[in-house]
file model_37.cif (mmCIF, C-alpha atoms)
data_work
loop_
_atom_site.group_PDB
_atom_site.id
_atom_site.type_symbol
_atom_site.label_atom_id
_atom_site.label_comp_id
_atom_site.auth_asym_id
_atom_site.auth_seq_id
_atom_site.Cartn_x
_atom_site.Cartn_y
_atom_site.Cartn_z
ATOM 1 C CA MET T 298 80.853 119.241 122.174
ATOM 2 C CA LYS T 299 83.958 120.737 120.559
ATOM 3 C CA VAL T 300 87.288 119.082 121.336
ATOM 4 C CA ASN T 301 89.860 121.531 122.680
ATOM 5 C CA LEU T 302 93.447 120.452 122.198
ATOM 6 C CA PHE T 303 94.633 122.833 124.911
ATOM 7 C CA ASP T 304 92.285 121.305 127.481
ATOM 8 C CA MET T 305 93.367 117.833 126.410
ATOM 9 C CA ALA T 306 97.004 118.775 126.845
ATOM 10 C CA LEU T 307 96.373 120.042 130.379
ATOM 11 C CA SER T 308 94.292 117.040 131.434
ATOM 12 C CA HIS T 309 96.964 114.527 130.433
ATOM 13 C CA ASP T 310 100.049 116.735 130.818
ATOM 14 C CA LEU T 311 100.679 116.567 127.077
ATOM 15 C CA SER T 312 101.927 119.399 124.921
ATOM 16 C CA ILE T 313 100.103 120.406 121.749
ATOM 17 C CA ASN T 314 103.079 119.121 119.775
ATOM 18 C CA GLU T 315 102.833 115.707 121.423
ATOM 19 C CA ILE T 316 99.117 115.531 120.656
ATOM 20 C CA LEU T 317 99.685 116.416 117.007
ATOM 21 C CA SER T 318 102.583 113.964 116.810
ATOM 22 C CA GLY T 319 100.357 111.249 118.252
ATOM 23 C CA VAL T 320 97.530 111.945 115.784
ATOM 24 C CA PHE T 321 99.862 112.044 112.773
ATOM 25 C CA GLY T 322 101.638 108.931 114.008
ATOM 26 C CA SER T 323 98.341 107.096 114.405
ATOM 27 C CA ILE T 324 97.300 108.054 110.868
ATOM 28 C CA SER T 325 100.670 106.908 109.564
ATOM 29 C CA LEU T 326 100.403 103.617 111.456
ATOM 30 C CA THR T 327 96.941 103.043 109.955
ATOM 31 C CA ALA T 328 98.299 103.718 106.465
ATOM 32 C CA TRP T 329 101.198 101.312 106.926
ATOM 33 C CA ILE T 330 98.956 98.612 108.413
ATOM 34 C CA CYS T 331 96.758 98.797 105.303
ATOM 35 C CA LEU T 332 99.671 99.397 102.924
ATOM 36 C CA LEU T 333 100.287 95.769 102.010
ATOM 37 C CA LEU T 334 96.685 94.797 101.354
ATOM 38 C CA PRO T 335 96.327 96.263 97.828
ATOM 39 C CA GLN T 336 99.627 94.836 96.589
ATOM 40 C CA LEU T 337 99.254 91.486 98.354
ATOM 41 C CA ILE T 338 95.760 90.990 96.928
ATOM 42 C CA THR T 339 96.853 92.137 93.471
ATOM 43 C CA ASN T 340 99.741 89.654 93.557
ATOM 44 C CA TYR T 341 97.447 86.905 94.817
ATOM 45 C CA LYS T 342 94.801 87.476 92.138
ATOM 46 C CA ALA T 343 97.418 87.552 89.383
ATOM 47 C CA LYS T 344 99.420 84.719 90.993
ATOM 48 C CA SER T 345 102.460 86.813 90.117
ATOM 49 C CA ALA T 346 104.731 89.536 91.488
ATOM 50 C CA GLU T 347 106.386 90.385 88.172
ATOM 51 C CA GLY T 348 105.372 94.024 88.446
ATOM 52 C CA LEU T 349 107.494 94.574 91.562
ATOM 53 C CA SER T 350 111.231 95.134 91.458
ATOM 54 C CA MET T 351 112.943 92.823 93.961
ATOM 55 C CA ALA T 352 115.769 95.352 94.277
ATOM 56 C CA PHE T 353 113.165 97.907 95.373
ATOM 57 C CA LEU T 354 111.890 95.561 98.105
ATOM 58 C CA ALA T 355 115.380 94.527 99.248
ATOM 59 C CA VAL T 356 116.728 98.065 99.612
ATOM 60 C CA TRP T 357 113.477 99.077 101.314
ATOM 61 C CA LEU T 358 113.973 96.290 103.876
ATOM 62 C CA PHE T 359 117.564 97.378 104.572
ATOM 63 C CA GLY T 360 116.328 100.915 105.120
ATOM 64 C CA ASP T 361 113.645 99.763 107.540
ATOM 65 C CA ILE T 362 116.124 97.695 109.548
ATOM 66 C CA ALA T 363 118.451 100.688 109.850
ATOM 67 C CA ASN T 364 115.449 102.883 110.653
ATOM 68 C CA LEU T 365 114.327 100.643 113.520
ATOM 69 C CA SER T 366 117.834 100.376 114.939
ATOM 70 C CA GLY T 367 118.350 104.107 114.775
ATOM 71 C CA ALA T 368 114.971 104.874 116.328
ATOM 72 C CA LEU T 369 115.668 102.555 119.265
ATOM 73 C CA VAL T 370 119.140 103.951 119.849
ATOM 74 C CA THR T 371 118.175 107.610 119.484
ATOM 75 C CA GLY T 372 114.968 107.445 121.536
ATOM 76 C CA LEU T 373 112.743 108.787 118.786
ATOM 77 C CA ALA T 374 109.022 109.429 119.211
ATOM 78 C CA PRO T 375 107.138 106.291 120.398
ATOM 79 C CA THR T 376 104.936 106.251 117.312
ATOM 80 C CA ALA T 377 107.992 106.488 115.071
ATOM 81 C CA THR T 378 109.642 103.545 116.820
ATOM 82 C CA ALA T 379 106.478 101.438 116.627
ATOM 83 C CA LEU T 380 106.124 102.205 112.936
ATOM 84 C CA ALA T 381 109.742 101.284 112.248
ATOM 85 C CA GLY T 382 109.185 97.843 113.760
ATOM 86 C CA TYR T 383 106.025 97.299 111.755
ATOM 87 C CA PHE T 384 107.802 98.351 108.557
ATOM 88 C CA CYS T 385 110.245 95.458 108.914
ATOM 89 C CA LEU T 386 107.463 92.930 109.423
ATOM 90 C CA SER T 387 105.559 94.283 106.421
ATOM 91 C CA ASP T 388 108.622 94.060 104.189
ATOM 92 C CA ILE T 389 109.248 90.432 105.119
ATOM 93 C CA ILE T 390 105.648 89.482 104.286
ATOM 94 C CA LEU T 391 105.680 91.153 100.859
ATOM 95 C CA ILE T 392 109.152 89.873 99.957
ATOM 96 C CA SER T 393 108.179 86.335 100.953
ATOM 97 C CA GLN T 394 105.082 86.434 98.773
ATOM 98 C CA SER T 395 107.009 87.885 95.835
ATOM 99 C CA LEU T 396 109.764 85.267 96.073
ATOM 100 C CA TYR T 397 107.154 82.513 96.258
ATOM 101 C CA TYR T 398 105.322 83.616 93.110
ATOM 102 C CA ASN T 399 108.542 84.350 91.212
ATOM 103 C CA THR T 400 109.868 80.871 92.001
ATOM 104 C CA ILE T 401 106.613 79.125 91.097
ATOM 105 C CA ASN T 402 106.165 81.077 87.859
ATOM 106 C CA ALA T 403 109.778 80.534 86.791
ATOM 107 C CA ARG T 404 109.298 76.803 87.252
ATOM 108 C CA LYS T 405 106.051 76.837 85.249
ATOM 109 C CA THR T 406 107.701 78.836 82.475
ATOM 110 C CA ARG T 407 110.495 76.290 82.154
ATOM 111 C CA GLN T 408 107.980 73.445 82.057
ATOM 112 C CA ARG T 409 105.904 75.199 79.387
ATOM 113 C CA THR T 410 108.995 75.875 77.300
ATOM 114 C CA ARG T 411 110.014 72.222 77.395
ATOM 115 C CA SER T 412 106.482 71.025 76.567
ATOM 116 C CA VAL T 413 106.198 73.421 73.614
ATOM 117 C CA GLU T 414 109.536 72.290 72.221
ATOM 118 C CA THR T 415 108.529 68.625 72.390
ATOM 119 C CA GLU T 416 104.854 68.822 71.384
ATOM 120 C CA VAL T 417 104.868 71.412 68.597
ATOM 121 C CA SER T 418 103.385 70.269 65.296
ATOM 122 C CA GLU T 419 102.802 71.880 61.910
ATOM 123 C CA ASP T 420 99.049 71.261 62.026
ATOM 124 C CA GLU T 421 98.537 73.151 65.294
ATOM 125 C CA PRO T 422 99.564 76.733 66.040
ATOM 126 C CA LEU T 423 101.847 77.270 68.996
ATOM 127 C CA LEU T 424 99.891 79.897 70.861
ATOM 128 C CA GLN T 425 97.310 82.527 70.175
ATOM 129 C CA PRO T 426 98.961 85.770 69.048
ATOM 130 C CA ARG T 427 99.923 88.071 71.852
ATOM 131 C CA ARG T 428 101.000 91.659 72.002
ATOM 132 C CA ARG T 429 104.714 92.262 72.353
ATOM 133 C CA SER T 430 104.265 93.665 75.837
ATOM 134 C CA SER T 431 102.501 90.505 76.973
ATOM 135 C CA SER T 432 105.053 88.020 75.656
ATOM 136 C CA GLY T 433 108.186 90.012 76.406
ATOM 137 C CA LEU T 434 107.111 91.198 79.844
ATOM 138 C CA PRO T 435 105.747 88.427 82.047
ATOM 139 C CA GLY T 436 102.554 89.436 83.769
ATOM 140 C CA SER T 437 102.102 92.621 81.756
ATOM 141 C CA HIS T 438 98.666 91.438 80.548
ATOM 142 C CA ARG T 439 97.477 90.413 83.981
ATOM 143 C CA ARG T 440 95.077 93.231 84.709
ATOM 144 C CA HIS T 441 93.337 92.941 81.364
ATOM 145 C CA SER T 442 92.819 89.215 81.848
ATOM 146 C CA ILE T 443 91.493 89.825 85.339
ATOM 147 C CA HIS T 444 88.869 92.222 84.032
ATOM 148 C CA ARG T 445 87.852 89.845 81.250
ATOM 149 C CA THR T 446 87.254 86.990 83.660
ATOM 150 C CA GLU T 447 85.981 89.042 86.592
ATOM 151 C CA SER T 448 84.081 91.911 85.029
ATOM 152 C CA GLY T 449 81.678 91.867 87.963
ATOM 153 C CA LEU T 450 84.329 92.928 90.449
ATOM 154 C CA ASP T 451 82.522 95.109 92.943
ATOM 155 C CA PRO T 452 83.702 98.671 93.709
ATOM 156 C CA ILE T 453 85.029 97.869 97.191
ATOM 157 C CA LYS T 454 87.302 95.144 95.834
ATOM 158 C CA ARG T 455 88.469 97.458 93.057
ATOM 159 C CA ILE T 456 89.484 100.067 95.630
ATOM 160 C CA VAL T 457 91.267 97.580 97.876
ATOM 161 C CA THR T 458 93.116 95.732 95.128
ATOM 162 C CA GLY T 459 94.030 98.803 93.093
ATOM 163 C CA GLU T 460 92.441 97.403 89.932
ATOM 164 C CA ASP T 461 92.066 100.798 88.407
ATOM 165 C CA ASP T 462 91.815 100.461 84.622
ATOM 166 C CA THR T 463 88.156 99.648 84.194
ATOM 167 C CA PRO T 464 86.619 102.105 81.703
ATOM 168 C CA ASP T 465 83.638 102.984 83.878
ATOM 169 C CA SER T 466 85.600 103.716 87.053
ATOM 170 C CA ASN T 467 87.444 106.717 88.435
ATOM 171 C CA PRO T 468 90.498 105.157 90.118
ATOM 172 C CA TRP T 469 91.926 108.385 91.519
ATOM 173 C CA LEU T 470 88.583 109.266 93.139
ATOM 174 C CA HIS T 471 88.154 105.766 94.595
ATOM 175 C CA ASN T 472 91.676 105.763 95.962
ATOM 176 C CA ALA T 473 91.318 109.309 97.331
ATOM 177 C CA LEU T 474 88.272 108.147 99.286
ATOM 178 C CA SER T 475 90.319 105.259 100.653
ATOM 179 C CA VAL T 476 93.085 107.629 101.756
ATOM 180 C CA ALA T 477 90.508 109.920 103.394
ATOM 181 C CA ALA T 478 89.197 106.916 105.311
ATOM 182 C CA ILE T 479 92.746 106.222 106.522
ATOM 183 C CA TYR T 480 92.963 109.753 107.951
ATOM 184 C CA ILE T 481 89.611 109.395 109.707
ATOM 185 C CA VAL T 482 90.320 105.950 111.158
ATOM 186 C CA GLY T 483 93.850 106.924 112.212
ATOM 187 C CA ALA T 484 92.730 110.095 113.995
ATOM 188 C CA ALA T 485 89.837 108.275 115.647
ATOM 189 C CA GLY T 486 92.226 105.563 116.820
ATOM 190 C CA TRP T 487 94.438 108.088 118.558
ATOM 191 C CA PHE T 488 91.504 109.755 120.340
ATOM 192 C CA ILE T 489 90.252 106.362 121.516
ATOM 193 C CA SER T 490 93.664 105.508 122.919
ATOM 194 C CA TYR T 491 93.806 108.957 124.494
ATOM 195 C CA LYS T 492 90.472 108.430 126.245
ATOM 196 C CA ALA T 493 91.707 105.035 127.450
ATOM 197 C CA GLY T 494 94.663 106.711 129.143
ATOM 198 C CA ALA T 495 97.327 105.320 126.838
ATOM 199 C CA TRP T 496 98.947 108.746 126.633
ATOM 200 C CA ASP T 497 99.339 109.387 130.353
ATOM 201 C CA LYS T 498 102.918 110.589 130.633
ATOM 202 C CA PRO T 499 105.330 108.322 132.544
ATOM 203 C CA ASP T 500 108.454 109.466 134.259
ATOM 204 C CA VAL T 501 110.668 111.239 131.772
ATOM 205 C CA PRO T 502 113.954 109.372 131.194
ATOM 206 C CA ASP T 503 117.266 111.133 130.965
ATOM 207 C CA ASP T 504 117.983 112.400 127.478
ATOM 208 C CA VAL T 505 120.982 111.110 125.627
ATOM 209 C CA THR T 506 123.279 113.945 124.670
ATOM 210 C CA ALA T 507 124.294 114.345 121.066
ATOM 211 C CA ASP T 508 127.981 113.805 121.911
ATOM 212 C CA GLU T 509 127.526 110.330 123.377
ATOM 213 C CA PRO T 510 128.561 107.361 121.175
ATOM 214 C CA VAL T 511 125.040 105.911 121.329
ATOM 215 C CA ALA T 512 123.553 109.116 119.936
ATOM 216 C CA ILE T 513 126.147 109.250 117.171
ATOM 217 C CA LEU T 514 125.431 105.631 116.256
ATOM 218 C CA GLY T 515 121.713 106.355 116.119
ATOM 219 C CA LEU T 516 122.307 109.320 113.851
ATOM 220 C CA VAL T 517 124.498 107.253 111.504
ATOM 221 C CA LEU T 518 121.822 104.545 111.321
ATOM 222 C CA GLY T 519 119.219 107.204 110.628
ATOM 223 C CA TYR T 520 121.178 108.603 107.710
ATOM 224 C CA ALA T 521 121.784 105.070 106.394
ATOM 225 C CA SER T 522 118.050 104.409 106.416
ATOM 226 C CA ALA T 523 117.390 107.724 104.662
ATOM 227 C CA VAL T 524 119.829 106.827 101.880
ATOM 228 C CA CYS T 525 118.187 103.398 101.471
ATOM 229 C CA TYR T 526 114.708 104.933 101.310
ATOM 230 C CA LEU T 527 115.781 107.485 98.733
ATOM 231 C CA CYS T 528 117.445 104.801 96.585
ATOM 232 C CA ALA T 529 114.827 102.051 97.017
ATOM 233 C CA ARG T 530 112.279 103.346 94.516
ATOM 234 C CA VAL T 531 114.861 103.981 91.800
ATOM 235 C CA PRO T 532 114.894 100.321 90.602
ATOM 236 C CA GLN T 533 111.078 100.327 90.475
ATOM 237 C CA ILE T 534 111.001 103.568 88.508
ATOM 238 C CA ILE T 535 113.600 102.187 86.075
ATOM 239 C CA LYS T 536 111.679 98.917 85.711
ATOM 240 C CA ASN T 537 108.460 100.787 84.939
ATOM 241 C CA TYR T 538 110.270 102.956 82.393
ATOM 242 C CA GLN T 539 111.962 100.037 80.643
ATOM 243 C CA GLU T 540 108.722 98.073 80.370
ATOM 244 C CA LYS T 541 106.616 101.163 79.682
ATOM 245 C CA SER T 542 104.099 99.665 82.067
ATOM 246 C CA CYS T 543 102.924 99.706 85.680
ATOM 247 C CA GLU T 544 101.034 96.442 85.309
ATOM 248 C CA GLY T 545 101.099 94.325 88.439
ATOM 249 C CA LEU T 546 101.410 97.379 90.688
ATOM 250 C CA ALA T 547 98.531 98.549 92.856
ATOM 251 C CA LEU T 548 98.047 102.317 92.671
ATOM 252 C CA LEU T 549 96.613 102.372 96.186
ATOM 253 C CA PHE T 550 99.816 100.722 97.456
ATOM 254 C CA PHE T 551 101.821 103.823 96.524
ATOM 255 C CA LEU T 552 99.106 106.249 97.632
ATOM 256 C CA LEU T 553 99.141 104.666 101.090
ATOM 257 C CA SER T 554 102.941 104.803 101.042
ATOM 258 C CA LEU T 555 102.720 108.516 100.283
ATOM 259 C CA THR T 556 100.220 109.001 103.112
ATOM 260 C CA GLY T 557 102.323 107.003 105.546
ATOM 261 C CA ASN T 558 105.523 108.854 104.677
ATOM 262 C CA LEU T 559 103.896 112.276 104.888
ATOM 263 C CA THR T 560 102.216 111.746 108.260
ATOM 264 C CA TYR T 561 105.243 109.844 109.590
ATOM 265 C CA GLY T 562 107.435 112.854 108.841
ATOM 266 C CA LEU T 563 104.886 115.190 110.413
ATOM 267 C CA SER T 564 104.760 112.960 113.493
ATOM 268 C CA VAL T 565 108.508 113.242 113.960
ATOM 269 C CA PHE T 566 108.586 116.951 113.126
ATOM 270 C CA THR T 567 105.790 117.957 115.521
ATOM 271 C CA TYR T 568 106.909 115.780 118.441
ATOM 272 C CA SER T 569 109.198 118.507 119.770
ATOM 273 C CA PRO T 570 110.020 122.019 118.545
ATOM 274 C CA GLU T 571 113.448 121.908 120.158
ATOM 275 C CA PRO T 572 116.240 122.459 117.587
ATOM 276 C CA ALA T 573 118.308 119.636 119.091
ATOM 277 C CA TYR T 574 115.499 117.143 118.547
ATOM 278 C CA ILE T 575 114.780 118.380 115.009
ATOM 279 C CA LEU T 576 118.490 118.055 114.211
ATOM 280 C CA LYS T 577 118.700 114.437 115.296
ATOM 281 C CA ALA T 578 115.410 113.693 113.493
ATOM 282 C CA ILE T 579 116.667 115.026 110.129
ATOM 283 C CA PRO T 580 117.549 111.544 108.765
ATOM 284 C CA TRP T 581 114.039 110.279 109.418
ATOM 285 C CA LEU T 582 112.531 113.398 107.899
ATOM 286 C CA LEU T 583 114.676 112.961 104.796
ATOM 287 C CA GLY T 584 113.810 109.289 104.534
ATOM 288 C CA SER T 585 110.074 109.844 104.794
ATOM 289 C CA LEU T 586 109.503 113.187 103.100
ATOM 290 C CA GLY T 587 112.221 112.710 100.468
ATOM 291 C CA THR T 588 110.572 109.615 99.035
ATOM 292 C CA ILE T 589 107.398 111.582 98.354
ATOM 293 C CA VAL T 590 109.093 113.055 95.273
ATOM 294 C CA GLU T 591 109.844 109.571 93.957
ATOM 295 C CA ASP T 592 106.296 108.450 94.698
ATOM 296 C CA CYS T 593 105.068 111.339 92.567
ATOM 297 C CA ILE T 594 107.259 110.076 89.702
ATOM 298 C CA ILE T 595 105.602 106.663 89.999
ATOM 299 C CA PHE T 596 102.169 108.323 89.982
ATOM 300 C CA TYR T 597 103.161 110.076 86.760
ATOM 301 C CA GLN T 598 104.198 106.715 85.306
ATOM 302 C CA PHE T 599 100.828 105.267 86.268
ATOM 303 C CA ARG T 600 99.194 108.134 84.431
ATOM 304 C CA ILE T 601 101.104 108.027 81.151
ATOM 305 C CA TYR T 602 101.501 104.254 80.873
ATOM 306 C CA SER T 603 97.847 103.555 81.620
ATOM 307 C CA LYS T 604 96.876 105.885 78.764
ATOM 308 C CA LYS T 605 99.291 104.128 76.411
ATOM 309 C CA GLY T 606 97.903 100.764 77.474
ATOM 310 C CA GLU T 607 94.335 101.900 76.806
ATOM 311 C CA ALA T 608 95.313 103.250 73.381
ATOM 312 C CA LYS T 609 96.979 99.934 72.445
ATOM 313 C CA ALA T 610 93.979 97.963 73.714
ATOM 314 C CA ASN T 611 91.600 100.117 71.687
ATOM 315 C CA GLY T 612 93.777 99.627 68.611
ATOM 316 C CA VAL T 613 93.730 95.875 69.021
ATOM 317 C CA ASP T 614 89.947 95.858 69.510
ATOM 318 C CA GLU T 615 89.370 97.985 66.403
ATOM 319 C CA SER T 616 91.645 95.829 64.256
ATOM 320 C CA ALA T 617 89.871 92.711 65.487
#
call {"tool": "encode", "arguments": {"input": "model_37.cif", "output": "structure tokens"}}
result
Amino acid sequence: MKVNLFDMALSHDLSINEILSGVFGSISLTAWICLLLPQLITNYKAKSAEGLSMAFLAVWLFGDIANLSGALVTGLAPTATALAGYFCLSDIILISQSLYYNTINARKTRQRTRSVETEVSEDEPLLQPRRRSSSGLPGSHRRHSIHRTESGLDPIKRIVTGEDDTPDSNPWLHNALSVAAIYIVGAAGWFISYKAGAWDKPDVPDDVTADEPVAILGLVLGYASAVCYLCARVPQIIKNYQEKSCEGLALLFFLLSLTGNLTYGLSVFTYSPEPAYILKAIPWLLGSLGTIVEDCIIFYQFRIYSKKGEAKANGVDESA
């Protein structure tokens, strides 16, 4: 039986725009719920968060706090408000894990340095030779070591963790299938909630006019969050460029971020066609859709730096 959006809108007194906003919002929520898993697992397996820029995470958190405050004040779409709250929780989890591993690894590095200085002898070499990228950039050899010790990693784990540099795998195809699954699960989740009556319309509250101080405050917070979102990825892009590496980063993490931002923006944009609503939603649209450009830059870095890493690895293997 074919689903008719017009009939659905009539049966629950929902407009087509509200239905589309709900579906896009549900897809975005699914993407953000799953967003942390690839990076958290990658960090856990490597016992390191060296690949992540802490400035990136900090600015991202500030943007999410401003986003949540602005969404609550402005009375944005329900899905947008729910997502903003979840963003803050997600940031705290990832930042906590990163700080934990950075602290532990810094302590271990100091201990190793002291032990090497006191136990070095002329009859025993210090360490096995390492590539410059491995010694100068902590954690830059993590993925290669993971594949040496866990060559039997099954495809599902590779997709979830973002371990994408195995020679016999197609990471972009695996990750594209994961993103497609996010769309399917997110859309299905909205239709289930719709059938359960979660989208029955309550009494409509009075709208806050754009001239009221509360509305102005919400708009200012929205623009503040947009600026934070647009600036957050810059430290990560610079870090990747300086190290000529994306090691320690999960590709699927950024693909899910792209998916979440795209559908989040569509959720806000389709919620109401009224110019007044679109105007007050501009900060959130800028914050979500604007970062897509920066995500594409990171994807390009994944592409070029992974090729350079493979070329160096092949050179080392041949020389050995």
call {"tool": "residues_near_point", "arguments": {"input": "model_37.cif", "point": "(101.6, 108.3, 94.3)", "cutoff": "6 Å", "atoms": "all atoms listed in the file", "output": "list in words"}}
result
Phe551, Leu552, Asp592, Cys593 and Phe596 of chain T
call {"tool": "resolve_selection", "arguments": {"input": "model_37.cif", "expression": "the PyMOL selection byres ((chain T and resi 474) around 12)", "output": "short mmCIF file (atom, residue, chain, number, x, y, z; two decimals) with C-alpha atoms, keeping the file's coordinate frame"}}
result
data_model
loop_
_atom_site.label_atom_id
_atom_site.label_comp_id
_atom_site.auth_asym_id
_atom_site.auth_seq_id
_atom_site.Cartn_x
_atom_site.Cartn_y
_atom_site.Cartn_z
CA PRO T 452 83.70 98.67 93.71
CA ILE T 453 85.03 97.87 97.19
CA ILE T 456 89.48 100.07 95.63
CA VAL T 457 91.27 97.58 97.88
CA ASN T 467 87.44 106.72 88.44
CA PRO T 468 90.50 105.16 90.12
CA TRP T 469 91.93 108.38 91.52
CA LEU T 470 88.58 109.27 93.14
CA HIS T 471 88.15 105.77 94.60
CA ASN T 472 91.68 105.76 95.96
CA ALA T 473 91.32 109.31 97.33
CA SER T 475 90.32 105.26 100.65
CA VAL T 476 93.08 107.63 101.76
CA ALA T 477 90.51 109.92 103.39
CA ALA T 478 89.20 106.92 105.31
CA ILE T 479 92.75 106.22 106.52
CA TYR T 480 92.96 109.75 107.95
CA ILE T 481 89.61 109.40 109.71
CA LEU T 549 96.61 102.37 96.19
CA LEU T 552 99.11 106.25 97.63
CA LEU T 553 99.14 104.67 101.09
#
call {"tool": "resolve_selection", "arguments": {"input": "model_37.cif", "expression": "the PyMOL selection byres ((chain T and resi 482) around 12)", "output": "PDB file with C-alpha atoms, keeping the file's coordinate frame"}}
result
ATOM      1  CA  VAL T 320      97.530 111.945 115.784  1.00  0.00           C
ATOM      2  CA  PHE T 321      99.862 112.044 112.773  1.00  0.00           C
ATOM      3  CA  SER T 323      98.341 107.096 114.405  1.00  0.00           C
ATOM      4  CA  ILE T 324      97.300 108.054 110.868  1.00  0.00           C
ATOM      5  CA  SER T 325     100.670 106.908 109.564  1.00  0.00           C
ATOM      6  CA  LEU T 326     100.403 103.617 111.456  1.00  0.00           C
ATOM      7  CA  THR T 327      96.941 103.043 109.955  1.00  0.00           C
ATOM      8  CA  ALA T 328      98.299 103.718 106.465  1.00  0.00           C
ATOM      9  CA  ILE T 330      98.956  98.612 108.413  1.00  0.00           C
ATOM     10  CA  CYS T 331      96.758  98.797 105.303  1.00  0.00           C
ATOM     11  CA  SER T 475      90.319 105.259 100.653  1.00  0.00           C
ATOM     12  CA  VAL T 476      93.085 107.629 101.756  1.00  0.00           C
ATOM     13  CA  ALA T 477      90.508 109.920 103.394  1.00  0.00           C
ATOM     14  CA  ALA T 478      89.197 106.916 105.311  1.00  0.00           C
ATOM     15  CA  ILE T 479      92.746 106.222 106.522  1.00  0.00           C
ATOM     16  CA  TYR T 480      92.963 109.753 107.951  1.00  0.00           C
ATOM     17  CA  ILE T 481      89.611 109.395 109.707  1.00  0.00           C
ATOM     18  CA  GLY T 483      93.850 106.924 112.212  1.00  0.00           C
ATOM     19  CA  ALA T 484      92.730 110.095 113.995  1.00  0.00           C
ATOM     20  CA  ALA T 485      89.837 108.275 115.647  1.00  0.00           C
ATOM     21  CA  GLY T 486      92.226 105.563 116.820  1.00  0.00           C
ATOM     22  CA  TRP T 487      94.438 108.088 118.558  1.00  0.00           C
ATOM     23  CA  PHE T 488      91.504 109.755 120.340  1.00  0.00           C
ATOM     24  CA  ILE T 489      90.252 106.362 121.516  1.00  0.00           C
TER      25      ILE T 489
END
call {"tool": "residues_around", "arguments": {"input": "model_37.cif", "residues": "region 346-352 of chain T", "least_positions_apart": "2", "cutoff": "7 Å", "atoms": "all atoms listed in the file", "output": "ChimeraX atom specification"}}
result
/T:340,354-356,395,398-399,435-436,532-533,536,543-546
call {"tool": "resolve_selection", "arguments": {"input": "model_37.cif", "expression": "the PyMOL selection byres ((chain T and resi 373-386) around 8)", "output": "PyMOL selection string"}}
result
chain T and resi 319+322-323+325-326+329-330+358+361-362+364-365+368-369+371-372+387-390+561+564-565+568+578
call {"tool": "atom_distance", "arguments": {"input": "model_37.cif", "atom1": "CA of Thr400 (chain T)", "atom2": "CA of Ala343 (chain T)"}}
result
14.4 Å
call {"tool": "atom_distance", "arguments": {"input": "model_37.cif", "atom1": "CA of Gln336 (chain T)", "atom2": "CA of Gly367 (chain T)"}}
result
27.7 Å
call {"tool": "atom_distance", "arguments": {"input": "model_37.cif", "atom1": "CA of Ile594 (chain T)", "atom2": "CA of Leu548 (chain T)"}}
result
12.4 Å
call {"tool": "closest_residue", "arguments": {"input": "model_37.cif", "among": "T:Ile589, T:Ala512, T:Leu518, T:Ile579", "to": "Arg530 (chain T)", "atoms": "only C-alpha atoms"}}
result
T:Ile589
call {"tool": "closest_residue", "arguments": {"input": "model_37.cif", "among": "T:Ile316, T:Ile595, T:Ala547, T:Val531", "to": "Thr339 (chain T)", "atoms": "only C-alpha atoms"}}
result
T:Ala547
call {"tool": "closest_residue", "arguments": {"input": "model_37.cif", "among": "T:Gln598, T:Asn537, T:Ser312, T:Thr567", "to": "Phe353 (chain T)", "atoms": "only C-alpha atoms"}}
result
T:Asn537
call {"tool": "closest_residue", "arguments": {"input": "model_37.cif", "among": "T:Val517, T:Leu527, T:Leu337, T:Ile535", "to": "Gly587 (chain T)", "atoms": "all atoms listed in the file"}}
result
T:Leu527
call {"tool": "closest_residue", "arguments": {"input": "model_37.cif", "among": "T:Ala523, T:Val511, T:Leu317, T:Leu516", "to": "Tyr574 (chain T)", "atoms": "all atoms listed in the file"}}
result
T:Leu516
call {"tool": "closest_residue", "arguments": {"input": "model_37.cif", "among": "T:Gly360, T:Tyr491, T:Glu540, T:Ser345", "to": "Ile401 (chain T)", "atoms": "only C-alpha atoms"}}
result
T:Ser345
